[in-house]
$ cat data.cif   # mmCIF, N, CA and C atoms and all ligand atoms
data_query
loop_
_atom_site.label_atom_id
_atom_site.label_comp_id
_atom_site.auth_asym_id
_atom_site.auth_seq_id
_atom_site.Cartn_x
_atom_site.Cartn_y
_atom_site.Cartn_z
N MET A 1 53.55 28.43 -132.62
CA MET A 1 54.47 27.96 -131.55
C MET A 1 54.76 29.16 -130.63
N LYS A 2 54.46 29.02 -129.38
CA LYS A 2 54.70 30.11 -128.43
C LYS A 2 55.45 29.60 -127.21
N THR A 3 56.06 30.59 -126.50
CA THR A 3 56.68 30.27 -125.21
C THR A 3 55.77 30.81 -124.11
N VAL A 4 55.43 29.88 -123.21
CA VAL A 4 54.54 30.22 -122.09
C VAL A 4 55.32 30.06 -120.79
N ILE A 5 55.06 30.92 -119.81
CA ILE A 5 55.71 30.77 -118.50
C ILE A 5 54.68 30.88 -117.39
N THR A 6 54.91 30.15 -116.32
CA THR A 6 54.08 30.27 -115.12
C THR A 6 54.95 30.07 -113.90
N TYR A 7 54.43 30.51 -112.74
CA TYR A 7 55.22 30.53 -111.50
C TYR A 7 54.41 29.88 -110.38
N GLY A 8 55.12 29.23 -109.47
CA GLY A 8 54.40 28.68 -108.32
C GLY A 8 55.28 27.86 -107.40
N THR A 9 54.71 27.48 -106.26
CA THR A 9 55.40 26.65 -105.29
C THR A 9 55.29 25.17 -105.66
N PHE A 10 54.09 24.76 -106.07
CA PHE A 10 53.81 23.37 -106.47
C PHE A 10 54.20 22.40 -105.36
N ASP A 11 53.83 22.76 -104.14
CA ASP A 11 54.08 21.88 -102.98
C ASP A 11 53.00 20.80 -102.95
N LEU A 12 53.39 19.59 -102.50
CA LEU A 12 52.39 18.49 -102.42
C LEU A 12 51.58 18.47 -103.72
N PHE A 13 52.27 18.22 -104.81
CA PHE A 13 51.72 18.35 -106.16
C PHE A 13 50.35 17.66 -106.28
N HIS A 14 49.38 18.34 -106.83
CA HIS A 14 48.02 17.78 -106.92
C HIS A 14 47.38 18.13 -108.26
N ILE A 15 46.15 17.64 -108.44
CA ILE A 15 45.47 17.75 -109.73
C ILE A 15 45.24 19.20 -110.14
N GLY A 16 45.10 20.09 -109.19
CA GLY A 16 44.93 21.52 -109.54
C GLY A 16 46.18 22.07 -110.21
N HIS A 17 47.33 21.65 -109.69
CA HIS A 17 48.59 22.06 -110.32
C HIS A 17 48.70 21.47 -111.72
N LEU A 18 48.40 20.19 -111.83
CA LEU A 18 48.53 19.53 -113.13
C LEU A 18 47.63 20.17 -114.17
N ARG A 19 46.36 20.43 -113.78
CA ARG A 19 45.42 21.02 -114.73
C ARG A 19 45.88 22.42 -115.16
N LEU A 20 46.48 23.15 -114.25
CA LEU A 20 46.99 24.49 -114.59
C LEU A 20 48.12 24.36 -115.62
N LEU A 21 49.03 23.46 -115.35
CA LEU A 21 50.20 23.31 -116.23
C LEU A 21 49.79 22.78 -117.61
N GLU A 22 48.84 21.84 -117.64
CA GLU A 22 48.41 21.29 -118.93
C GLU A 22 47.70 22.36 -119.77
N ARG A 23 46.88 23.19 -119.10
CA ARG A 23 46.20 24.26 -119.85
C ARG A 23 47.22 25.31 -120.31
N ALA A 24 48.23 25.58 -119.48
CA ALA A 24 49.26 26.53 -119.88
C ALA A 24 50.02 26.01 -121.09
N LYS A 25 50.33 24.73 -121.07
CA LYS A 25 51.05 24.13 -122.19
C LYS A 25 50.22 24.19 -123.47
N ALA A 26 48.93 23.99 -123.35
CA ALA A 26 48.04 24.03 -124.53
C ALA A 26 48.10 25.41 -125.18
N LEU A 27 48.28 26.44 -124.36
CA LEU A 27 48.34 27.82 -124.91
C LEU A 27 49.61 28.02 -125.74
N ALA A 28 50.60 27.15 -125.54
CA ALA A 28 51.87 27.26 -126.29
C ALA A 28 51.73 26.81 -127.74
N GLU A 29 50.64 26.15 -128.04
CA GLU A 29 50.34 25.71 -129.43
C GLU A 29 51.54 24.99 -130.05
N GLY A 30 52.03 23.99 -129.34
CA GLY A 30 53.16 23.20 -129.84
C GLY A 30 54.50 23.78 -129.44
N GLY A 31 54.48 24.89 -128.74
CA GLY A 31 55.72 25.52 -128.27
C GLY A 31 56.13 24.98 -126.91
N ARG A 32 56.71 25.83 -126.07
CA ARG A 32 57.26 25.33 -124.81
C ARG A 32 56.65 26.00 -123.60
N LEU A 33 56.60 25.22 -122.50
CA LEU A 33 56.14 25.73 -121.21
C LEU A 33 57.32 25.77 -120.25
N ILE A 34 57.60 26.94 -119.72
CA ILE A 34 58.63 27.12 -118.69
C ILE A 34 57.91 27.30 -117.36
N VAL A 35 58.37 26.59 -116.34
CA VAL A 35 57.76 26.72 -115.01
C VAL A 35 58.83 27.22 -114.03
N ALA A 36 58.54 28.35 -113.41
CA ALA A 36 59.44 28.90 -112.38
C ALA A 36 58.93 28.43 -111.02
N ILE A 37 59.77 27.63 -110.36
CA ILE A 37 59.39 27.03 -109.07
C ILE A 37 59.97 27.89 -107.94
N SER A 38 59.11 28.27 -107.01
CA SER A 38 59.56 29.08 -105.87
C SER A 38 60.60 28.31 -105.05
N THR A 39 61.76 28.93 -104.82
CA THR A 39 62.77 28.27 -103.99
C THR A 39 62.30 28.28 -102.53
N ASP A 40 62.91 27.47 -101.70
CA ASP A 40 62.54 27.43 -100.28
C ASP A 40 62.79 28.78 -99.62
N THR A 41 63.89 29.41 -99.99
CA THR A 41 64.21 30.73 -99.41
C THR A 41 63.17 31.77 -99.81
N PHE A 42 62.82 31.79 -101.11
CA PHE A 42 61.83 32.77 -101.59
C PHE A 42 60.48 32.52 -100.89
N ASN A 43 60.11 31.25 -100.80
CA ASN A 43 58.83 30.91 -100.17
C ASN A 43 58.76 31.46 -98.75
N TRP A 44 59.85 31.28 -98.00
CA TRP A 44 59.84 31.68 -96.61
C TRP A 44 59.95 33.21 -96.47
N GLU A 45 60.90 33.79 -97.19
CA GLU A 45 61.16 35.24 -97.03
C GLU A 45 60.08 36.09 -97.69
N ALA A 46 59.50 35.63 -98.79
CA ALA A 46 58.55 36.47 -99.53
C ALA A 46 57.10 36.07 -99.28
N LYS A 47 56.84 34.78 -99.07
CA LYS A 47 55.45 34.33 -98.91
C LYS A 47 55.18 33.86 -97.48
N HIS A 48 56.24 33.81 -96.66
CA HIS A 48 56.08 33.36 -95.26
C HIS A 48 55.38 32.01 -95.21
N LYS A 49 55.70 31.17 -96.15
CA LYS A 49 55.18 29.81 -96.08
C LYS A 49 56.33 28.84 -96.33
N ARG A 50 56.25 27.73 -95.60
CA ARG A 50 57.30 26.72 -95.70
C ARG A 50 56.74 25.50 -96.43
N ALA A 51 57.28 25.20 -97.58
CA ALA A 51 56.77 24.05 -98.34
C ALA A 51 57.13 22.76 -97.60
N ASN A 52 56.26 21.76 -97.73
CA ASN A 52 56.55 20.45 -97.13
C ASN A 52 57.64 19.72 -97.92
N ILE A 53 57.61 19.97 -99.22
CA ILE A 53 58.55 19.27 -100.12
C ILE A 53 59.67 20.26 -100.50
N PRO A 54 60.91 19.84 -100.34
CA PRO A 54 62.02 20.76 -100.65
C PRO A 54 62.07 21.15 -102.12
N TYR A 55 62.66 22.31 -102.39
CA TYR A 55 62.70 22.85 -103.75
C TYR A 55 63.19 21.82 -104.77
N ALA A 56 64.30 21.14 -104.48
CA ALA A 56 64.89 20.22 -105.46
C ALA A 56 63.88 19.15 -105.87
N ASP A 57 63.11 18.66 -104.90
CA ASP A 57 62.12 17.62 -105.22
C ASP A 57 60.93 18.22 -105.98
N ARG A 58 60.49 19.40 -105.59
CA ARG A 58 59.37 20.04 -106.30
C ARG A 58 59.77 20.31 -107.75
N ALA A 59 61.01 20.75 -107.95
CA ALA A 59 61.49 21.03 -109.30
C ALA A 59 61.60 19.74 -110.11
N ALA A 60 62.05 18.65 -109.47
CA ALA A 60 62.19 17.37 -110.18
C ALA A 60 60.82 16.83 -110.58
N ILE A 61 59.85 16.93 -109.68
CA ILE A 61 58.50 16.43 -109.97
C ILE A 61 57.88 17.21 -111.15
N VAL A 62 57.91 18.53 -111.05
CA VAL A 62 57.32 19.35 -112.13
C VAL A 62 58.10 19.16 -113.43
N GLY A 63 59.42 19.10 -113.32
CA GLY A 63 60.27 18.96 -114.51
C GLY A 63 60.07 17.64 -115.24
N ALA A 64 59.55 16.63 -114.53
CA ALA A 64 59.35 15.31 -115.13
C ALA A 64 58.04 15.23 -115.93
N LEU A 65 57.20 16.23 -115.78
CA LEU A 65 55.89 16.20 -116.45
C LEU A 65 56.04 16.36 -117.96
N LYS A 66 55.24 15.59 -118.68
CA LYS A 66 55.25 15.63 -120.16
C LYS A 66 54.95 17.06 -120.65
N CYS A 67 54.13 17.78 -119.94
CA CYS A 67 53.69 19.11 -120.43
C CYS A 67 54.66 20.22 -120.06
N VAL A 68 55.74 19.89 -119.33
CA VAL A 68 56.69 20.93 -118.91
C VAL A 68 58.00 20.76 -119.67
N ASP A 69 58.49 21.86 -120.26
CA ASP A 69 59.71 21.78 -121.06
C ASP A 69 60.95 22.25 -120.31
N CYS A 70 60.74 23.12 -119.32
CA CYS A 70 61.90 23.70 -118.63
C CYS A 70 61.47 24.19 -117.25
N VAL A 71 62.32 23.97 -116.26
CA VAL A 71 62.07 24.46 -114.89
C VAL A 71 63.18 25.43 -114.52
N ILE A 72 62.79 26.58 -113.97
CA ILE A 72 63.79 27.55 -113.47
C ILE A 72 63.41 27.91 -112.04
N PRO A 73 64.35 28.43 -111.25
CA PRO A 73 64.00 28.83 -109.88
C PRO A 73 63.31 30.18 -109.86
N GLU A 74 62.32 30.32 -108.99
CA GLU A 74 61.74 31.64 -108.71
C GLU A 74 62.37 32.11 -107.41
N GLU A 75 63.17 33.17 -107.51
CA GLU A 75 63.93 33.64 -106.33
C GLU A 75 63.49 35.00 -105.85
N SER A 76 62.68 35.70 -106.66
CA SER A 76 62.20 37.03 -106.22
C SER A 76 60.92 37.38 -106.96
N TRP A 77 60.12 38.26 -106.31
CA TRP A 77 58.91 38.73 -106.98
C TRP A 77 59.28 39.47 -108.24
N GLY A 78 60.42 40.13 -108.24
CA GLY A 78 60.76 41.07 -109.32
C GLY A 78 61.37 40.46 -110.56
N GLN A 79 61.52 39.12 -110.60
CA GLN A 79 62.24 38.53 -111.73
C GLN A 79 61.38 38.32 -112.98
N LYS A 80 60.07 38.49 -112.84
CA LYS A 80 59.16 38.10 -113.93
C LYS A 80 59.44 38.85 -115.24
N ALA A 81 59.58 40.18 -115.16
CA ALA A 81 59.78 40.96 -116.40
C ALA A 81 61.08 40.55 -117.08
N GLU A 82 62.11 40.32 -116.28
CA GLU A 82 63.41 39.91 -116.84
C GLU A 82 63.29 38.51 -117.46
N ASP A 83 62.56 37.63 -116.79
CA ASP A 83 62.34 36.28 -117.33
C ASP A 83 61.61 36.35 -118.67
N VAL A 84 60.60 37.21 -118.74
CA VAL A 84 59.81 37.34 -119.98
C VAL A 84 60.74 37.74 -121.12
N ARG A 85 61.61 38.70 -120.84
CA ARG A 85 62.54 39.15 -121.90
C ARG A 85 63.58 38.06 -122.21
N LYS A 86 64.16 37.50 -121.13
CA LYS A 86 65.26 36.53 -121.28
C LYS A 86 64.83 35.29 -122.07
N TYR A 87 63.61 34.84 -121.83
CA TYR A 87 63.16 33.59 -122.47
C TYR A 87 62.25 33.84 -123.67
N GLY A 88 62.06 35.12 -124.01
CA GLY A 88 61.20 35.40 -125.18
C GLY A 88 59.78 34.91 -124.97
N VAL A 89 59.27 35.18 -123.78
CA VAL A 89 57.94 34.67 -123.42
C VAL A 89 56.84 35.40 -124.17
N ASP A 90 55.90 34.63 -124.73
CA ASP A 90 54.74 35.21 -125.41
C ASP A 90 53.54 35.33 -124.47
N ILE A 91 53.41 34.32 -123.58
CA ILE A 91 52.22 34.30 -122.70
C ILE A 91 52.64 33.99 -121.26
N PHE A 92 52.20 34.86 -120.35
CA PHE A 92 52.40 34.64 -118.90
C PHE A 92 51.08 34.11 -118.35
N VAL A 93 51.14 33.00 -117.64
CA VAL A 93 49.91 32.34 -117.15
C VAL A 93 49.96 32.18 -115.64
N MET A 94 48.83 32.48 -114.97
CA MET A 94 48.69 32.19 -113.54
C MET A 94 47.25 31.77 -113.30
N GLY A 95 47.04 31.09 -112.16
CA GLY A 95 45.68 30.73 -111.77
C GLY A 95 44.90 31.97 -111.35
N GLY A 96 43.57 31.84 -111.38
CA GLY A 96 42.66 32.96 -111.15
C GLY A 96 42.79 33.62 -109.79
N ASP A 97 43.38 32.92 -108.80
CA ASP A 97 43.55 33.56 -107.50
C ASP A 97 44.53 34.72 -107.59
N TRP A 98 45.24 34.82 -108.68
CA TRP A 98 46.19 35.94 -108.89
C TRP A 98 45.63 36.97 -109.85
N GLU A 99 44.36 36.85 -110.20
CA GLU A 99 43.73 37.75 -111.20
C GLU A 99 44.15 39.21 -110.99
N GLY A 100 44.71 39.79 -112.03
CA GLY A 100 45.05 41.22 -111.99
C GLY A 100 46.41 41.54 -111.37
N LYS A 101 46.97 40.62 -110.58
CA LYS A 101 48.18 40.94 -109.83
C LYS A 101 49.40 41.11 -110.73
N PHE A 102 49.36 40.56 -111.93
CA PHE A 102 50.54 40.63 -112.79
C PHE A 102 50.24 41.35 -114.10
N ASP A 103 49.23 42.23 -114.07
CA ASP A 103 48.87 42.97 -115.29
C ASP A 103 49.99 43.92 -115.73
N PHE A 104 50.93 44.22 -114.82
CA PHE A 104 52.05 45.10 -115.19
C PHE A 104 52.91 44.47 -116.28
N LEU A 105 52.71 43.15 -116.50
CA LEU A 105 53.50 42.48 -117.55
C LEU A 105 52.86 42.64 -118.94
N LYS A 106 51.65 43.19 -118.99
CA LYS A 106 50.92 43.26 -120.26
C LYS A 106 51.68 43.99 -121.38
N PRO A 107 52.48 45.01 -121.07
CA PRO A 107 53.27 45.62 -122.16
C PRO A 107 54.32 44.68 -122.75
N LEU A 108 54.65 43.61 -122.03
CA LEU A 108 55.73 42.72 -122.47
C LEU A 108 55.22 41.45 -123.13
N CYS A 109 54.04 40.98 -122.67
CA CYS A 109 53.52 39.70 -123.18
C CYS A 109 52.04 39.60 -122.87
N GLU A 110 51.39 38.59 -123.43
CA GLU A 110 49.99 38.34 -123.09
C GLU A 110 49.94 37.81 -121.65
N VAL A 111 48.96 38.25 -120.88
CA VAL A 111 48.81 37.80 -119.49
C VAL A 111 47.47 37.07 -119.39
N VAL A 112 47.52 35.81 -118.97
CA VAL A 112 46.30 34.98 -118.92
C VAL A 112 46.14 34.40 -117.52
N TYR A 113 44.95 34.60 -116.96
CA TYR A 113 44.61 34.02 -115.65
C TYR A 113 43.62 32.90 -115.91
N LEU A 114 43.94 31.70 -115.49
CA LEU A 114 43.07 30.54 -115.74
C LEU A 114 42.28 30.19 -114.49
N PRO A 115 41.05 29.75 -114.64
CA PRO A 115 40.26 29.38 -113.44
C PRO A 115 40.98 28.31 -112.61
N ARG A 116 40.97 28.48 -111.31
CA ARG A 116 41.56 27.47 -110.43
C ARG A 116 40.71 26.21 -110.46
N THR A 117 41.32 25.09 -110.11
CA THR A 117 40.57 23.84 -109.92
C THR A 117 40.01 23.86 -108.51
N GLU A 118 38.70 23.87 -108.38
CA GLU A 118 38.09 23.99 -107.05
C GLU A 118 38.21 22.67 -106.27
N GLY A 119 38.21 22.81 -104.93
CA GLY A 119 38.13 21.64 -104.06
C GLY A 119 39.45 20.97 -103.76
N VAL A 120 40.55 21.55 -104.21
CA VAL A 120 41.86 20.94 -103.89
C VAL A 120 42.90 22.05 -103.71
N SER A 121 43.74 21.87 -102.71
CA SER A 121 44.85 22.81 -102.50
C SER A 121 45.90 22.12 -101.64
N SER A 122 47.11 22.60 -101.72
CA SER A 122 48.18 22.03 -100.88
C SER A 122 47.83 22.20 -99.40
N THR A 123 47.18 23.32 -99.07
CA THR A 123 46.80 23.55 -97.66
C THR A 123 45.81 22.50 -97.19
N GLN A 124 44.79 22.21 -98.02
CA GLN A 124 43.80 21.20 -97.64
C GLN A 124 44.47 19.84 -97.46
N ILE A 125 45.39 19.52 -98.35
CA ILE A 125 46.07 18.23 -98.25
C ILE A 125 46.87 18.19 -96.95
N ARG A 126 47.60 19.27 -96.71
CA ARG A 126 48.43 19.36 -95.48
C ARG A 126 47.57 19.21 -94.24
N GLU A 127 46.44 19.89 -94.22
CA GLU A 127 45.56 19.82 -93.03
C GLU A 127 44.91 18.45 -92.92
N GLY A 128 44.66 17.85 -94.05
CA GLY A 128 44.05 16.50 -94.04
C GLY A 128 45.01 15.47 -93.52
N LEU A 129 46.29 15.72 -93.70
CA LEU A 129 47.30 14.76 -93.25
C LEU A 129 47.46 14.78 -91.74
N HIS A 130 47.14 15.95 -91.16
CA HIS A 130 47.33 16.10 -89.71
C HIS A 130 46.01 16.53 -89.07
N PRO A 131 45.03 15.59 -89.01
CA PRO A 131 43.70 16.03 -88.47
C PRO A 131 43.81 16.47 -87.01
N1 LIG B 1 46.27 26.35 -108.72
C1 LIG B 1 45.09 25.99 -109.38
N2 LIG B 1 44.16 25.28 -108.73
C2 LIG B 1 44.36 24.88 -107.44
C3 LIG B 1 45.56 25.23 -106.77
C4 LIG B 1 46.51 25.97 -107.45
O1 LIG B 1 44.90 26.35 -110.56
N3 LIG B 1 43.38 24.17 -106.81
C5 LIG B 1 47.27 27.13 -109.46
C6 LIG B 1 47.57 28.47 -108.79
O2 LIG B 1 46.59 29.45 -109.16
C7 LIG B 1 48.94 28.80 -109.36
C8 LIG B 1 49.58 27.42 -109.54
O3 LIG B 1 48.51 26.45 -109.49
O4 LIG B 1 48.82 29.42 -110.64
C9 LIG B 1 50.58 27.10 -108.45
O5 LIG B 1 49.91 27.26 -107.20
P1 LIG B 1 50.84 27.42 -105.86
O6 LIG B 1 51.84 26.36 -105.85
O7 LIG B 1 49.91 27.61 -104.71
O8 LIG B 1 51.60 28.79 -106.19
P2 LIG B 1 51.57 30.11 -105.32
O9 LIG B 1 51.96 29.82 -103.93
O10 LIG B 1 50.29 30.79 -105.58
O11 LIG B 1 52.80 30.95 -105.93
O12 LIG B 1 54.98 34.46 -108.24
C10 LIG B 1 53.82 33.67 -108.17
C11 LIG B 1 53.86 32.73 -107.00
O13 LIG B 1 55.07 31.98 -107.00
C12 LIG B 1 52.66 31.80 -107.03
#

$ encode --input "data.cif" --output "structure tokens"
Amino acid sequence: MKTVITYGTFDLFHIGHLRLLERAKALAEGGRLIVAISTDTFNWEAKHKRANIPYADRAAIVGALKCVDCVIPEESWGQKAEDVRKYGVDIFVMGGDWEGKFDFLKPLCEVVYLPRTEGVSSTQIREGLHP
């Protein structure tokens, strides 16, 4: 039984997000998956991107998933190490587009980068909606 955590915006929720979360949950081996959802403020101030779906709705959608046990807000880049300690995280998981970016967490927990699901992204969906 392990505690796994992952972070993301999860805007316009799609199959790539679901596959990431389900694989992260599988790594928990019957334990729990915590998902830190980027707040609207963090998204804009830190990532310069504005989600189509407001934080409260993104958190409700992800929180309703069978494979997700807990949702917390992601409010800063720097909260990860504190979250790992606070929640007793065993495994930190991100998609492969972040490969290597969070290796600084390796002294605290296992760091796993999972292959992204190709051919789908919130950006593609957004652009497809407004040809
Ligand atoms: N993802 C994926 N396959 C896709 C799209 C996304 O596996 N086709 C994964 C990403 O790699 C990420 C997670 O789904 O691990 C959430 O993706 P985003 O919502 O785009 O998150 P992002 O904006 O990358 O924010 O501190 C970390 C950041 O909050 C991550």

$ select_by_dssp --input "data.cif" --residues "chain A" --states "helix (DSSP H, G or I)" --output "PyMOL selection string"
chain A and resi 15-27+40-47+55-63+77-87+96-98+103-105+122-129

$ closest_residue --input "data.cif" --among "A:Met94, A:Ile34, A:Leu65, A:Leu108" --to "ligand LIG 1 (chain B)" --atoms "only N, CA and C atoms and all ligand atoms"
A:Met94

$ closest_residue --input "data.cif" --among "A:Ala56, A:Met1, A:Ala24, A:Ile61" --to "A:Tyr113" --atoms "only C-alpha atoms"
A:Ala24

$ residues_near_ligand --input "data.cif" --ligand "ligand LIG 1 (chain B)" --cutoff "10 Å" --atoms "only C-alpha atoms and all ligand atoms" --output "PyMOL selection string"
chain A and resi 6-21+23-24+35-39+42-43+46-47+49+51+58+73-80+93-99+101-102+113-124

$ closest_residue --input "data.cif" --among "A:Ile125, A:Leu27, A:Ile5, A:Val89" --to "A:Ile72" --atoms "only C-alpha atoms"
A:Ile5

$ build_atoms --input "data.cif" --residues "stretch 22-32 of chain A" --atoms "all heavy atoms" --output "PDB file, in the coordinates of the input"
ATOM      1  N   GLU A  22      48.840  21.840-117.640  1.00  0.00           N
ATOM      2  CA  GLU A  22      48.410  21.290-118.930  1.00  0.00           C
ATOM      3  C   GLU A  22      47.700  22.360-119.770  1.00  0.00           C
ATOM      4  O   GLU A  22      47.892  22.456-120.976  1.00  0.00           O
ATOM      5  CB  GLU A  22      47.531  20.069-118.711  1.00  0.00           C
ATOM      6  CG  GLU A  22      48.340  18.863-118.208  1.00  0.00           C
ATOM      7  CD  GLU A  22      47.517  17.602-118.025  1.00  0.00           C
ATOM      8  OE1 GLU A  22      46.302  17.722-117.752  1.00  0.00           O
ATOM      9  OE2 GLU A  22      48.095  16.499-118.130  1.00  0.00           O
ATOM     10  N   ARG A  23      46.880  23.190-119.100  1.00  0.00           N
ATOM     11  CA  ARG A  23      46.200  24.260-119.850  1.00  0.00           C
ATOM     12  C   ARG A  23      47.220  25.310-120.310  1.00  0.00           C
ATOM     13  O   ARG A  23      47.105  25.826-121.415  1.00  0.00           O
ATOM     14  CB  ARG A  23      45.110  24.899-118.979  1.00  0.00           C
ATOM     15  CG  ARG A  23      43.859  24.042-118.825  1.00  0.00           C
ATOM     16  CD  ARG A  23      42.840  24.684-117.887  1.00  0.00           C
ATOM     17  NE  ARG A  23      43.353  24.646-116.515  1.00  0.00           N
ATOM     18  CZ  ARG A  23      42.838  25.436-115.546  1.00  0.00           C
ATOM     19  NH1 ARG A  23      41.868  26.292-115.806  1.00  0.00           N
ATOM     20  NH2 ARG A  23      43.320  25.350-114.314  1.00  0.00           N
ATOM     21  N   ALA A  24      48.230  25.580-119.480  1.00  0.00           N
ATOM     22  CA  ALA A  24      49.260  26.530-119.880  1.00  0.00           C
ATOM     23  C   ALA A  24      50.020  26.010-121.090  1.00  0.00           C
ATOM     24  O   ALA A  24      50.266  26.741-122.064  1.00  0.00           O
ATOM     25  CB  ALA A  24      50.218  26.777-118.712  1.00  0.00           C
ATOM     26  N   LYS A  25      50.330  24.730-121.070  1.00  0.00           N
ATOM     27  CA  LYS A  25      51.050  24.130-122.190  1.00  0.00           C
ATOM     28  C   LYS A  25      50.220  24.190-123.470  1.00  0.00           C
ATOM     29  O   LYS A  25      50.748  24.448-124.567  1.00  0.00           O
ATOM     30  CB  LYS A  25      51.393  22.663-121.872  1.00  0.00           C
ATOM     31  CG  LYS A  25      52.029  21.893-123.008  1.00  0.00           C
ATOM     32  CD  LYS A  25      53.444  22.337-123.341  1.00  0.00           C
ATOM     33  CE  LYS A  25      54.043  21.392-124.380  1.00  0.00           C
ATOM     34  NZ  LYS A  25      55.478  21.669-124.619  1.00  0.00           N
ATOM     35  N   ALA A  26      48.930  23.990-123.350  1.00  0.00           N
ATOM     36  CA  ALA A  26      48.040  24.030-124.530  1.00  0.00           C
ATOM     37  C   ALA A  26      48.100  25.410-125.180  1.00  0.00           C
ATOM     38  O   ALA A  26      48.057  25.538-126.416  1.00  0.00           O
ATOM     39  CB  ALA A  26      46.623  23.674-124.118  1.00  0.00           C
ATOM     40  N   LEU A  27      48.280  26.440-124.360  1.00  0.00           N
ATOM     41  CA  LEU A  27      48.340  27.820-124.910  1.00  0.00           C
ATOM     42  C   LEU A  27      49.610  28.020-125.740  1.00  0.00           C
ATOM     43  O   LEU A  27      49.699  28.946-126.545  1.00  0.00           O
ATOM     44  CB  LEU A  27      48.296  28.842-123.763  1.00  0.00           C
ATOM     45  CG  LEU A  27      46.975  28.925-122.993  1.00  0.00           C
ATOM     46  CD1 LEU A  27      47.123  29.870-121.803  1.00  0.00           C
ATOM     47  CD2 LEU A  27      45.836  29.384-123.896  1.00  0.00           C
ATOM     48  N   ALA A  28      50.600  27.150-125.540  1.00  0.00           N
ATOM     49  CA  ALA A  28      51.870  27.260-126.290  1.00  0.00           C
ATOM     50  C   ALA A  28      51.730  26.810-127.740  1.00  0.00           C
ATOM     51  O   ALA A  28      52.606  27.036-128.563  1.00  0.00           O
ATOM     52  CB  ALA A  28      52.969  26.463-125.605  1.00  0.00           C
ATOM     53  N   GLU A  29      50.640  26.150-128.040  1.00  0.00           N
ATOM     54  CA  GLU A  29      50.340  25.710-129.430  1.00  0.00           C
ATOM     55  C   GLU A  29      51.540  24.990-130.050  1.00  0.00           C
ATOM     56  O   GLU A  29      52.057  25.389-131.090  1.00  0.00           O
ATOM     57  CB  GLU A  29      49.939  26.930-130.281  1.00  0.00           C
ATOM     58  CG  GLU A  29      48.649  27.577-129.787  1.00  0.00           C
ATOM     59  CD  GLU A  29      48.327  28.915-130.460  1.00  0.00           C
ATOM     60  OE1 GLU A  29      49.244  29.471-131.113  1.00  0.00           O
ATOM     61  OE2 GLU A  29      47.198  29.382-130.337  1.00  0.00           O
ATOM     62  N   GLY A  30      52.030  23.990-129.340  1.00  0.00           N
ATOM     63  CA  GLY A  30      53.160  23.200-129.840  1.00  0.00           C
ATOM     64  C   GLY A  30      54.500  23.780-129.440  1.00  0.00           C
ATOM     65  O   GLY A  30      55.562  23.220-129.761  1.00  0.00           O
ATOM     66  N   GLY A  31      54.480  24.890-128.740  1.00  0.00           N
ATOM     67  CA  GLY A  31      55.720  25.520-128.270  1.00  0.00           C
ATOM     68  C   GLY A  31      56.130  24.980-126.910  1.00  0.00           C
ATOM     69  O   GLY A  31      55.889  23.797-126.626  1.00  0.00           O
ATOM     70  N   ARG A  32      56.710  25.830-126.070  1.00  0.00           N
ATOM     71  CA  ARG A  32      57.260  25.330-124.810  1.00  0.00           C
ATOM     72  C   ARG A  32      56.650  26.000-123.600  1.00  0.00           C
ATOM     73  O   ARG A  32      56.221  27.161-123.655  1.00  0.00           O
ATOM     74  CB  ARG A  32      58.788  25.505-124.792  1.00  0.00           C
ATOM     75  CG  ARG A  32      59.230  26.961-124.819  1.00  0.00           C
ATOM     76  CD  ARG A  32      60.742  27.100-124.696  1.00  0.00           C
ATOM     77  NE  ARG A  32      61.119  28.515-124.733  1.00  0.00           N
ATOM     78  CZ  ARG A  32      62.287  28.974-124.320  1.00  0.00           C
ATOM     79  NH1 ARG A  32      63.208  28.137-123.861  1.00  0.00           N
ATOM     80  NH2 ARG A  32      62.565  30.276-124.366  1.00  0.00           N
TER      81      ARG A  32
END
